[in-house]
Each structure stands twice: as structure tokens, then as C-alpha cells.
file entry10.pdb (PDB, C-alpha atoms, pLDDT in the B column)
ATOM      1  CA  MET A   1       2.110  19.193 -17.343  1.00 88.00           C
ATOM      2  CA  LEU A   2       4.685  21.922 -16.746  1.00 90.00           C
ATOM      3  CA  SER A   3       8.328  20.963 -16.376  1.00 92.00           C
ATOM      4  CA  ARG A   4       9.727  21.030 -12.849  1.00 92.00           C
ATOM      5  CA  GLU A   5      11.438  24.405 -13.311  1.00 93.00           C
ATOM      6  CA  GLU A   6       8.313  25.900 -14.875  1.00 93.00           C
ATOM      7  CA  TYR A   7       6.250  24.531 -12.002  1.00 91.00           C
ATOM      8  CA  LEU A   8       8.614  25.976  -9.392  1.00 92.00           C
ATOM      9  CA  ALA A   9       8.479  29.381 -11.052  1.00 92.00           C
ATOM     10  CA  GLU A  10       4.684  29.309 -11.252  1.00 92.00           C
ATOM     11  CA  TRP A  11       4.403  28.094  -7.649  1.00 88.00           C
ATOM     12  CA  SER A  12       6.565  31.031  -6.568  1.00 89.00           C
ATOM     13  CA  ARG A  13       4.300  33.436  -8.461  1.00 89.00           C
ATOM     14  CA  TRP A  14       1.217  32.052  -6.686  1.00 84.00           C
ATOM     15  CA  HIS A  15       2.979  32.369  -3.319  1.00 82.00           C
ATOM     16  CA  GLY A  16       4.096  35.974  -3.450  1.00 81.00           C
ATOM     17  CA  GLY A  17       7.512  35.385  -4.968  1.00 85.00           C
ATOM     18  CA  ALA A  18       8.594  32.820  -2.353  1.00 84.00           C
ATOM     19  CA  ASP A  19      12.139  31.535  -2.804  1.00 84.00           C
ATOM     20  CA  THR A  20      12.064  28.003  -4.254  1.00 87.00           C
ATOM     21  CA  GLN A  21      15.852  27.623  -4.121  1.00 87.00           C
ATOM     22  CA  VAL A  22      15.819  26.833  -0.393  1.00 83.00           C
ATOM     23  CA  PRO A  23      16.771  23.122  -0.291  1.00 87.00           C
ATOM     24  CA  LEU A  24      13.887  21.986   1.933  1.00 80.00           C
ATOM     25  CA  VAL A  25      11.268  23.848  -0.099  1.00 84.00           C
ATOM     26  CA  ARG A  26      12.756  22.849  -3.451  1.00 89.00           C
ATOM     27  CA  GLY A  27      13.013  19.196  -2.444  1.00 90.00           C
ATOM     28  CA  TRP A  28       9.448  19.112  -1.107  1.00 87.00           C
ATOM     29  CA  LEU A  29       8.004  20.773  -4.220  1.00 90.00           C
ATOM     30  CA  SER A  30      10.089  18.599  -6.548  1.00 92.00           C
ATOM     31  CA  LEU A  31       8.728  15.468  -4.865  1.00 91.00           C
ATOM     32  CA  ALA A  32       5.157  16.766  -5.249  1.00 91.00           C
ATOM     33  CA  HIS A  33       5.811  17.531  -8.929  1.00 93.00           C
ATOM     34  CA  ALA A  34       7.190  14.032  -9.535  1.00 93.00           C
ATOM     35  CA  LEU A  35       4.121  12.469  -7.894  1.00 91.00           C
ATOM     36  CA  ALA A  36       1.770  14.705  -9.882  1.00 93.00           C
ATOM     37  CA  ARG A  37       3.136  13.877 -13.344  1.00 93.00           C
ATOM     38  CA  PRO A  38       1.497  10.413 -13.665  1.00 93.00           C
ATOM     39  CA  LEU A  39      -1.687  11.740 -12.016  1.00 92.00           C
ATOM     40  CA  ALA A  40      -2.164  14.822 -14.197  1.00 90.00           C
ATOM     41  CA  ALA A  41      -5.761  13.875 -15.048  1.00 91.00           C
ATOM     42  CA  LEU A  42      -6.782  13.739 -11.377  1.00 92.00           C
ATOM     43  CA  PRO A  43      -8.862  16.737 -10.216  1.00 92.00           C
ATOM     44  CA  PRO A  44      -6.816  18.699  -7.630  1.00 91.00           C
ATOM     45  CA  VAL A  45      -9.777  18.802  -5.242  1.00 91.00           C
ATOM     46  CA  VAL A  46      -9.586  15.010  -4.878  1.00 93.00           C
ATOM     47  CA  ALA A  47      -6.048  15.294  -3.495  1.00 93.00           C
ATOM     48  CA  THR A  48      -7.146  18.206  -1.289  1.00 92.00           C
ATOM     49  CA  ALA A  49      -9.986  16.191   0.247  1.00 93.00           C
ATOM     50  CA  ALA A  50      -7.803  13.110   0.635  1.00 95.00           C
ATOM     51  CA  GLY A  51      -5.190  15.160   2.495  1.00 94.00           C
ATOM     52  CA  VAL A  52      -7.549  16.285   5.259  1.00 95.00           C
ATOM     53  CA  VAL A  53      -9.133  12.809   5.553  1.00 96.00           C
ATOM     54  CA  VAL A  54      -5.727  11.152   5.903  1.00 97.00           C
ATOM     55  CA  ALA A  55      -4.624  13.746   8.487  1.00 97.00           C
ATOM     56  CA  ALA A  56      -7.756  13.077  10.552  1.00 97.00           C
ATOM     57  CA  ALA A  57      -7.146   9.332  10.191  1.00 98.00           C
ATOM     58  CA  ALA A  58      -3.829   9.764  12.042  1.00 98.00           C
ATOM     59  CA  VAL A  59      -5.617  10.621  15.292  1.00 98.00           C
ATOM     60  CA  PRO A  60      -7.094   7.153  16.161  1.00 98.00           C
ATOM     61  CA  PRO A  61      -3.782   5.246  15.839  1.00 98.00           C
ATOM     62  CA  ALA A  62      -2.064   8.034  17.786  1.00 98.00           C
ATOM     63  CA  ALA A  63      -4.606   7.500  20.574  1.00 97.00           C
ATOM     64  CA  ALA A  64      -4.064   3.727  20.436  1.00 96.00           C
ATOM     65  CA  GLY A  65      -0.389   4.257  21.234  1.00 94.00           C
ATOM     66  CA  GLY A  66       2.329   1.643  21.058  1.00 94.00           C
ATOM     67  CA  ALA A  67       3.382   0.526  17.607  1.00 94.00           C
ATOM     68  CA  TRP A  68       0.271   2.221  16.191  1.00 97.00           C
ATOM     69  CA  LEU A  69       2.121   5.505  16.580  1.00 97.00           C
ATOM     70  CA  VAL A  70       4.310   4.536  13.633  1.00 97.00           C
ATOM     71  CA  LEU A  71       1.190   4.356  11.461  1.00 98.00           C
ATOM     72  CA  ALA A  72       0.074   7.742  12.795  1.00 98.00           C
ATOM     73  CA  GLY A  73       3.407   9.248  11.779  1.00 98.00           C
ATOM     74  CA  LEU A  74       3.200   7.740   8.306  1.00 98.00           C
ATOM     75  CA  LEU A  75      -0.335   9.082   7.847  1.00 98.00           C
ATOM     76  CA  VAL A  76       0.817  12.575   8.839  1.00 98.00           C
ATOM     77  CA  GLY A  77       3.585  12.396   6.247  1.00 95.00           C
ATOM     78  CA  LEU A  78       1.174  11.124   3.597  1.00 96.00           C
ATOM     79  CA  SER A  79      -1.281  13.936   4.332  1.00 96.00           C
ATOM     80  CA  GLY A  80       1.509  16.451   3.794  1.00 93.00           C
ATOM     81  CA  LEU A  81       2.393  14.915   0.446  1.00 92.00           C
ATOM     82  CA  LEU A  82      -1.260  14.940  -0.620  1.00 92.00           C
ATOM     83  CA  ASP A  83      -1.477  18.596   0.329  1.00 88.00           C
ATOM     84  CA  SER A  84       1.476  19.381  -1.926  1.00 89.00           C
ATOM     85  CA  LEU A  85       0.139  17.084  -4.630  1.00 93.00           C
ATOM     86  CA  ASP A  86      -3.057  19.093  -5.044  1.00 91.00           C
ATOM     87  CA  GLY A  87      -1.026  22.254  -5.601  1.00 88.00           C
ATOM     88  CA  ALA A  88       1.252  20.494  -8.072  1.00 92.00           C
ATOM     89  CA  LEU A  89      -1.761  19.194  -9.978  1.00 94.00           C
ATOM     90  CA  ALA A  90      -3.477  22.577 -10.033  1.00 91.00           C
ATOM     91  CA  ILE A  91      -0.448  24.683 -10.944  1.00 92.00           C
ATOM     92  CA  GLY A  92       1.328  22.125 -13.114  1.00 90.00           C
ATOM     93  CA  THR A  93      -1.723  21.514 -15.306  1.00 91.00           C
ATOM     94  CA  GLY A  94      -2.915  25.119 -15.504  1.00 90.00           C
ATOM     95  CA  ARG A  95      -5.970  24.536 -13.306  1.00 90.00           C
ATOM     96  CA  ALA A  96      -4.932  26.822 -10.436  1.00 86.00           C
ATOM     97  CA  SER A  97      -7.561  29.309  -9.301  1.00 86.00           C
ATOM     98  CA  GLN A  98      -8.077  31.797  -6.501  1.00 85.00           C
ATOM     99  CA  ARG A  99     -10.870  29.624  -5.100  1.00 87.00           C
ATOM    100  CA  GLY A 100      -8.582  26.592  -5.052  1.00 83.00           C
ATOM    101  CA  TYR A 101      -5.815  28.639  -3.441  1.00 82.00           C
ATOM    102  CA  VAL A 102      -8.115  29.660  -0.590  1.00 88.00           C
ATOM    103  CA  LEU A 103      -9.486  26.132  -0.202  1.00 88.00           C
ATOM    104  CA  ASP A 104      -5.976  24.725  -0.002  1.00 87.00           C
ATOM    105  CA  SER A 105      -5.086  27.207   2.753  1.00 89.00           C
ATOM    106  CA  VAL A 106      -8.182  26.243   4.751  1.00 92.00           C
ATOM    107  CA  VAL A 107      -7.378  22.542   4.405  1.00 92.00           C
ATOM    108  CA  ASP A 108      -3.792  23.191   5.547  1.00 92.00           C
ATOM    109  CA  ARG A 109      -5.106  24.701   8.770  1.00 94.00           C
ATOM    110  CA  LEU A 110      -7.523  21.796   9.325  1.00 95.00           C
ATOM    111  CA  THR A 111      -4.769  19.227   8.857  1.00 96.00           C
ATOM    112  CA  GLU A 112      -2.602  21.092  11.356  1.00 96.00           C
ATOM    113  CA  VAL A 113      -5.425  20.870  13.888  1.00 97.00           C
ATOM    114  CA  ALA A 114      -5.337  17.107  13.305  1.00 97.00           C
ATOM    115  CA  TYR A 115      -1.563  17.039  13.857  1.00 98.00           C
ATOM    116  CA  ALA A 116      -1.922  18.852  17.178  1.00 98.00           C
ATOM    117  CA  ALA A 117      -4.756  16.525  18.192  1.00 98.00           C
ATOM    118  CA  ALA A 118      -2.649  13.482  17.326  1.00 98.00           C
ATOM    119  CA  LEU A 119       0.211  14.764  19.487  1.00 98.00           C
ATOM    120  CA  TRP A 120      -2.187  15.377  22.354  1.00 98.00           C
ATOM    121  CA  VAL A 121      -3.858  11.963  22.319  1.00 98.00           C
ATOM    122  CA  ALA A 122      -0.403  10.373  21.967  1.00 97.00           C
ATOM    123  CA  GLY A 123       0.653  11.865  25.295  1.00 95.00           C
ATOM    124  CA  ALA A 124       1.792  15.471  24.828  1.00 97.00           C
ATOM    125  CA  PRO A 125       0.409  17.873  27.474  1.00 97.00           C
ATOM    126  CA  GLY A 126      -2.692  19.672  26.266  1.00 97.00           C
ATOM    127  CA  TRP A 127      -1.155  23.135  26.548  1.00 98.00           C
ATOM    128  CA  LEU A 128       1.856  22.025  24.516  1.00 98.00           C
ATOM    129  CA  ALA A 129      -0.295  20.504  21.777  1.00 98.00           C
ATOM    130  CA  VAL A 130      -2.362  23.711  21.632  1.00 97.00           C
ATOM    131  CA  ALA A 131       0.822  25.798  21.394  1.00 98.00           C
ATOM    132  CA  PHE A 132       2.080  23.544  18.587  1.00 98.00           C
ATOM    133  CA  GLY A 133      -1.169  23.979  16.659  1.00 97.00           C
ATOM    134  CA  ALA A 134      -1.319  27.724  17.287  1.00 97.00           C
ATOM    135  CA  LEU A 135       2.213  28.218  15.997  1.00 97.00           C
ATOM    136  CA  CYS A 136       1.297  26.230  12.881  1.00 96.00           C
ATOM    137  CA  TRP A 137      -1.459  28.766  12.236  1.00 94.00           C
ATOM    138  CA  LEU A 138       0.228  32.005  13.313  1.00 95.00           C
ATOM    139  CA  PRO A 139       2.784  32.513  10.481  1.00 92.00           C
ATOM    140  CA  ASP A 140       0.173  32.075   7.765  1.00 90.00           C
ATOM    141  CA  TYR A 141      -2.255  34.306   9.638  1.00 92.00           C
ATOM    142  CA  LEU A 142       0.423  37.009   9.829  1.00 92.00           C
ATOM    143  CA  ARG A 143       1.112  36.700   6.103  1.00 89.00           C
ATOM    144  CA  ALA A 144      -2.608  36.896   5.321  1.00 87.00           C
ATOM    145  CA  ARG A 145      -3.107  40.008   7.448  1.00 91.00           C
ATOM    146  CA  ALA A 146       0.021  41.579   5.970  1.00 90.00           C
ATOM    147  CA  GLY A 147      -1.420  40.914   2.528  1.00 86.00           C
ATOM    148  CA  GLN A 148      -4.578  42.798   3.518  1.00 87.00           C
ATOM    149  CA  ALA A 149      -2.331  45.657   4.654  1.00 88.00           C
ATOM    150  CA  GLY A 150      -0.697  45.833   1.242  1.00 86.00           C
ATOM    151  CA  VAL A 151       2.297  43.485   1.536  1.00 87.00           C
ATOM    152  CA  HIS A 152       2.230  41.343  -1.589  1.00 82.00           C
ATOM    153  CA  ARG A 153       5.405  39.342  -1.012  1.00 83.00           C
ATOM    154  CA  THR A 154       5.497  36.124   1.021  1.00 83.00           C
ATOM    155  CA  GLY A 155       8.766  37.069   2.631  1.00 81.00           C
ATOM    156  CA  PRO A 156      11.700  34.940   3.753  1.00 83.00           C
ATOM    157  CA  ILE A 157      11.445  31.190   4.191  1.00 85.00           C
ATOM    158  CA  SER A 158      11.547  30.619   7.951  1.00 88.00           C
ATOM    159  CA  LEU A 159      12.480  27.590  10.033  1.00 89.00           C
ATOM    160  CA  TRP A 160       8.792  26.797  10.459  1.00 93.00           C
ATOM    161  CA  GLU A 161       7.276  26.429   7.015  1.00 90.00           C
ATOM    162  CA  ARG A 162       4.727  23.795   6.055  1.00 90.00           C
ATOM    163  CA  PRO A 163       7.250  21.001   5.264  1.00 89.00           C
ATOM    164  CA  THR A 164       8.902  21.457   8.673  1.00 93.00           C
ATOM    165  CA  ARG A 165       5.555  21.252  10.487  1.00 95.00           C
ATOM    166  CA  VAL A 166       4.616  18.039   8.694  1.00 95.00           C
ATOM    167  CA  ALA A 167       8.055  16.534   9.287  1.00 95.00           C
ATOM    168  CA  MET A 168       8.073  17.421  12.995  1.00 96.00           C
ATOM    169  CA  ALA A 169       4.619  15.969  13.626  1.00 97.00           C
ATOM    170  CA  GLY A 170       5.217  12.840  11.550  1.00 97.00           C
ATOM    171  CA  LEU A 171       8.701  12.061  12.860  1.00 97.00           C
ATOM    172  CA  THR A 172       7.642  12.734  16.448  1.00 98.00           C
ATOM    173  CA  LEU A 173       4.741  10.289  16.256  1.00 98.00           C
ATOM    174  CA  GLY A 174       6.718   7.700  14.310  1.00 97.00           C
ATOM    175  CA  GLY A 175       9.671   7.975  16.682  1.00 96.00           C
ATOM    176  CA  ALA A 176       7.361   7.561  19.656  1.00 96.00           C
ATOM    177  CA  GLY A 177       6.075   4.346  18.125  1.00 95.00           C
ATOM    178  CA  VAL A 178       9.615   3.018  17.747  1.00 94.00           C
ATOM    179  CA  VAL A 179      10.490   3.612  21.414  1.00 92.00           C
ATOM    180  CA  SER A 180       7.082   2.661  22.831  1.00 89.00           C
ATOM    181  CA  GLY A 181       7.355   0.240  25.710  1.00 82.00           C
ATOM    182  CA  LEU A 182      10.688   1.631  26.876  1.00 84.00           C
ATOM    183  CA  GLU A 183      10.941   3.640  30.059  1.00 75.00           C
ATOM    184  CA  VAL A 184      13.276   6.542  30.704  1.00 68.00           C
ATOM    185  CA  ALA A 185      13.551   7.632  34.339  1.00 66.00           C
ATOM    186  CA  GLY A 186      10.214   5.970  35.028  1.00 68.00           C
ATOM    187  CA  VAL A 187       8.452   7.769  32.155  1.00 73.00           C
ATOM    188  CA  ASP A 188       7.048   5.928  29.149  1.00 86.00           C
ATOM    189  CA  GLY A 189       9.397   6.467  26.208  1.00 87.00           C
ATOM    190  CA  ALA A 190       6.577   7.179  23.778  1.00 93.00           C
ATOM    191  CA  VAL A 191       5.099   9.925  25.957  1.00 93.00           C
ATOM    192  CA  LEU A 192       8.545  11.421  26.519  1.00 94.00           C
ATOM    193  CA  THR A 193       9.274  11.397  22.771  1.00 95.00           C
ATOM    194  CA  VAL A 194       5.940  12.983  21.874  1.00 97.00           C
ATOM    195  CA  THR A 195       6.369  15.664  24.535  1.00 96.00           C
ATOM    196  CA  ALA A 196       9.934  16.413  23.437  1.00 96.00           C
ATOM    197  CA  GLY A 197       8.934  16.522  19.763  1.00 97.00           C
ATOM    198  CA  ALA A 198       6.007  18.851  20.421  1.00 98.00           C
ATOM    199  CA  ALA A 199       8.260  21.102  22.513  1.00 98.00           C
ATOM    200  CA  ALA A 200      10.859  21.188  19.728  1.00 97.00           C
ATOM    201  CA  GLY A 201       8.100  22.122  17.290  1.00 97.00           C
ATOM    202  CA  VAL A 202       6.953  24.951  19.556  1.00 98.00           C
ATOM    203  CA  LEU A 203      10.523  26.237  19.769  1.00 98.00           C
ATOM    204  CA  LEU A 204      10.942  26.128  15.988  1.00 97.00           C
ATOM    205  CA  GLY A 205       7.551  27.773  15.587  1.00 97.00           C
ATOM    206  CA  ALA A 206       8.511  30.593  17.930  1.00 97.00           C
ATOM    207  CA  VAL A 207      11.800  31.177  16.104  1.00 96.00           C
ATOM    208  CA  GLY A 208      10.092  31.059  12.707  1.00 95.00           C
ATOM    209  CA  THR A 209       7.424  33.513  13.837  1.00 95.00           C
ATOM    210  CA  VAL A 210      10.081  35.923  15.117  1.00 95.00           C
ATOM    211  CA  GLN A 211      11.897  35.644  11.772  1.00 94.00           C
ATOM    212  CA  LEU A 212       8.716  36.483   9.925  1.00 93.00           C
ATOM    213  CA  GLY A 213       7.781  39.226  12.374  1.00 92.00           C
ATOM    214  CA  ARG A 214      11.131  40.991  11.959  1.00 93.00           C
ATOM    215  CA  TRP A 215      10.695  41.004   8.187  1.00 92.00           C
ATOM    216  CA  LEU A 216       7.090  42.200   8.407  1.00 92.00           C
ATOM    217  CA  ARG A 217       8.111  45.015  10.756  1.00 90.00           C
ATOM    218  CA  GLY A 218      10.307  46.392   8.004  1.00 89.00           C
ATOM    219  CA  GLU A 219       7.705  45.829   5.290  1.00 88.00           C
ATOM    220  CA  LEU A 220       4.976  47.554   7.286  1.00 86.00           C
ATOM    221  CA  GLY A 221       7.105  50.537   8.184  1.00 76.00           C
ATOM    222  CA  GLY A 222       7.481  49.847  11.912  1.00 53.00           C
ATOM    223  CA  PRO A 223       6.467  52.263  14.664  1.00 52.00           C
ATOM    224  CA  GLY A 224       6.301  55.923  13.784  1.00 45.00           C
ATOM    225  CA  SER A 225       5.476  55.367  10.154  1.00 48.00           C
ATOM    226  CA  GLY A 226       2.545  57.728  10.531  1.00 43.00           C
ATOM    227  CA  GLU A 227       0.049  55.350   8.976  1.00 51.00           C
ATOM    228  CA  VAL A 228      -3.229  54.517  10.665  1.00 46.00           C
ATOM    229  CA  PRO A 229      -4.067  50.806  10.566  1.00 52.00           C
ATOM    230  CA  PRO A 230      -7.460  49.812   9.248  1.00 52.00           C
ATOM    231  CA  PRO A 231     -10.064  48.703  11.823  1.00 52.00           C
ATOM    232  CA  ASP A 232     -10.461  44.976  12.492  1.00 55.00           C
TER     233      ASP A 232
END
call {"tool": "encode", "arguments": {"input": "entry10.pdb", "output": "C-alpha cells"}}
result
Amino acid sequence: MLSREEYLAEWSRWHGGADTQVPLVRGWLSLAHALARPLAALPPVVATAAGVVVAAAAVPPAAAGGAWLVLAGLLVGLSGLLDSLDGALAIGTGRASQRGYVLDSVVDRLTEVAYAAALWVAGAPGWLAVAFGALCWLPDYLRARAGQAGVHRTGPISLWERPTRVAMAGLTLGGAGVVSGLEVAGVDGAVLTVTAGAAAGVLLGAVGTVQLGRWLRGELGGPGSGEVPPPD
């Protein structure tokens, strides 16, 4: 198993030179590395599969409402840790591959669908839950398309990276469970908390996407660069 610093450097290489000195990213990756050390013999795909199953398992307790929302929030957080664990296992033990990298990205998007679904069944308006899910997908889609256009760097760490998405969904659901049963201005506290949390996530997602878009505009040359984009 690689040391933590070796793992962070290798993770950065696999992610287009992403900055691992950002406190949130470094803390998240360090936690995944610590969890992976005693589980080094575990195949990474097991953690990958467990992550999407646990994320989907958050939807039923979110729909049940009340104190069950706390469980939904915990399951969202656990799914995020499992998602990072598979990467730590793969990279830290030298088993990383392009196929695994793609699979991990697909699973990330599936778990984010589950997060949006959990917010919706917990009481967030449908349009807001859809916007939350779409803004989870959009930054990574932009990076993928930029990569096809020749941009090989991941770019700056925005306000809306994977750890932030997991934290917003998990804390929103868990917080709603804590205040369930209370009413604020005649509105159920849990529904109000879920709606406010989803709205905050959409705002962060919009800001993060703008941050990424401004960087990509410079990387891609901006208007007037004289280059013809490839067909879709």
C-alpha cells in the first residue's frame, strides 16, 4: 500500500493534475486512504458496487420521512466514503486501470441520481431535485468533453466537487430528520430543511460550474480562436 503522500500524488496524476492541497480534498482523500490500509486485499470493484447499493438504499428511508431521514443521511455519507475507498484501494495498491477509472465515474453519476431521488422523496420540489442532480453531473460532463477537445488538466477545484455534493445531500437529509415533526410558519420542518438544502446545493453547483466554465474558456481559447469544433 502506498504511503498517504504517494497516494495523493498518484491520485492527482490519475485526475489530470488536480490539486490535492485543498483542505477539503486532502482531508477526504486522507480519510479514504486511512480506511483502505486495513482493507488492501479487498478488490476495488467490491467497494464500487457497495457504494451504489448503499446510495440507492438511502431512498426508502428518505421516503419514510421522520427520524428515518437521519439514516438516509448517514447512508449517503457512507456511499461517498465507499466511492473514495474504491479509488484508494485501486491507486494505493497499484491496481488502478482505465476501465476501473471509467467504471468509477459511471458509478459516481448513478449515486448522484440516488441523492437527487432521496431529496425528492423527502420533500424537495421535483424541479429542485432535478436541478440538484443535473448540477452534480454537469461539471464532470464539461471536464470529459474538454478532455475530448484536448484539455488534459482537471482544472481548479471548485466549490462543487464530489465531497461537497455528498456532504450537502447527507447533511440535508440528516438535518431534516433532526427537525422532523417541527413546524415553521405552518410548514413541516423536515420539508423546509430538505428544500433549503437542495436549493443551497443548486446555488453551490451553479457557482462551481461558472468557476469551471471560466477556466475552460481560457483553456479552449475562447471565441475567435479560429478553431472549428468537432461534430457531436
call {"tool": "closest_atom_pairs", "arguments": {"input": "entry10.pdb", "of": "stretch 38-145 of chain A", "to": "stretch 8-32 of chain A", "cutoff": "8 Å", "atoms": "only C-alpha atoms", "output": "JSON lines"}}
result
{"residue": "A:Leu81", "atom": "CA", "partner": "A:Ala32", "partner_atom": "CA", "distance": 6.6}
{"residue": "A:Ser84", "atom": "CA", "partner": "A:Ala32", "partner_atom": "CA", "distance": 5.6}
{"residue": "A:Leu85", "atom": "CA", "partner": "A:Ala32", "partner_atom": "CA", "distance": 5.1}
{"residue": "A:Ala88", "atom": "CA", "partner": "A:Ala32", "partner_atom": "CA", "distance": 6.1}
{"residue": "A:Ile91", "atom": "CA", "partner": "A:Trp11", "partner_atom": "CA", "distance": 6.8}
call {"tool": "atom_distance", "arguments": {"input": "entry10.pdb", "atom1": "atom CA of A:Pro139", "atom2": "atom CA of A:Leu71"}}
result
28.2 Å
call {"tool": "closest_residue", "arguments": {"input": "entry10.pdb", "among": "A:Ala122, A:Val202, A:Leu212, A:Leu103", "to": "A:Ala146", "atoms": "only C-alpha atoms"}}
result
A:Leu212
call {"tool": "closest_residue", "arguments": {"input": "entry10.pdb", "among": "A:Leu138, A:Ala57, A:Val52, A:Val187", "to": "A:Gly80", "atoms": "only C-alpha atoms"}}
result
A:Val52
call {"tool": "atom_distance", "arguments": {"input": "entry10.pdb", "atom1": "atom CA of A:Val121", "atom2": "atom CA of A:Leu171"}}
result
15.7 Å
call {"tool": "residues_near_point", "arguments": {"input": "entry10.pdb", "point": "(10.2, 13.5, 23.5)", "cutoff": "12 Å", "atoms": "all atoms listed in the file", "output": "number ranges by chain"}}
result
A: 119, 122-125, 128, 168-169, 171-180, 183-184, 187-201
call {"tool": "atom_distance", "arguments": {"input": "entry10.pdb", "atom1": "atom CA of A:Ala116", "atom2": "atom CA of A:Arg217"}}
result
28.7 Å
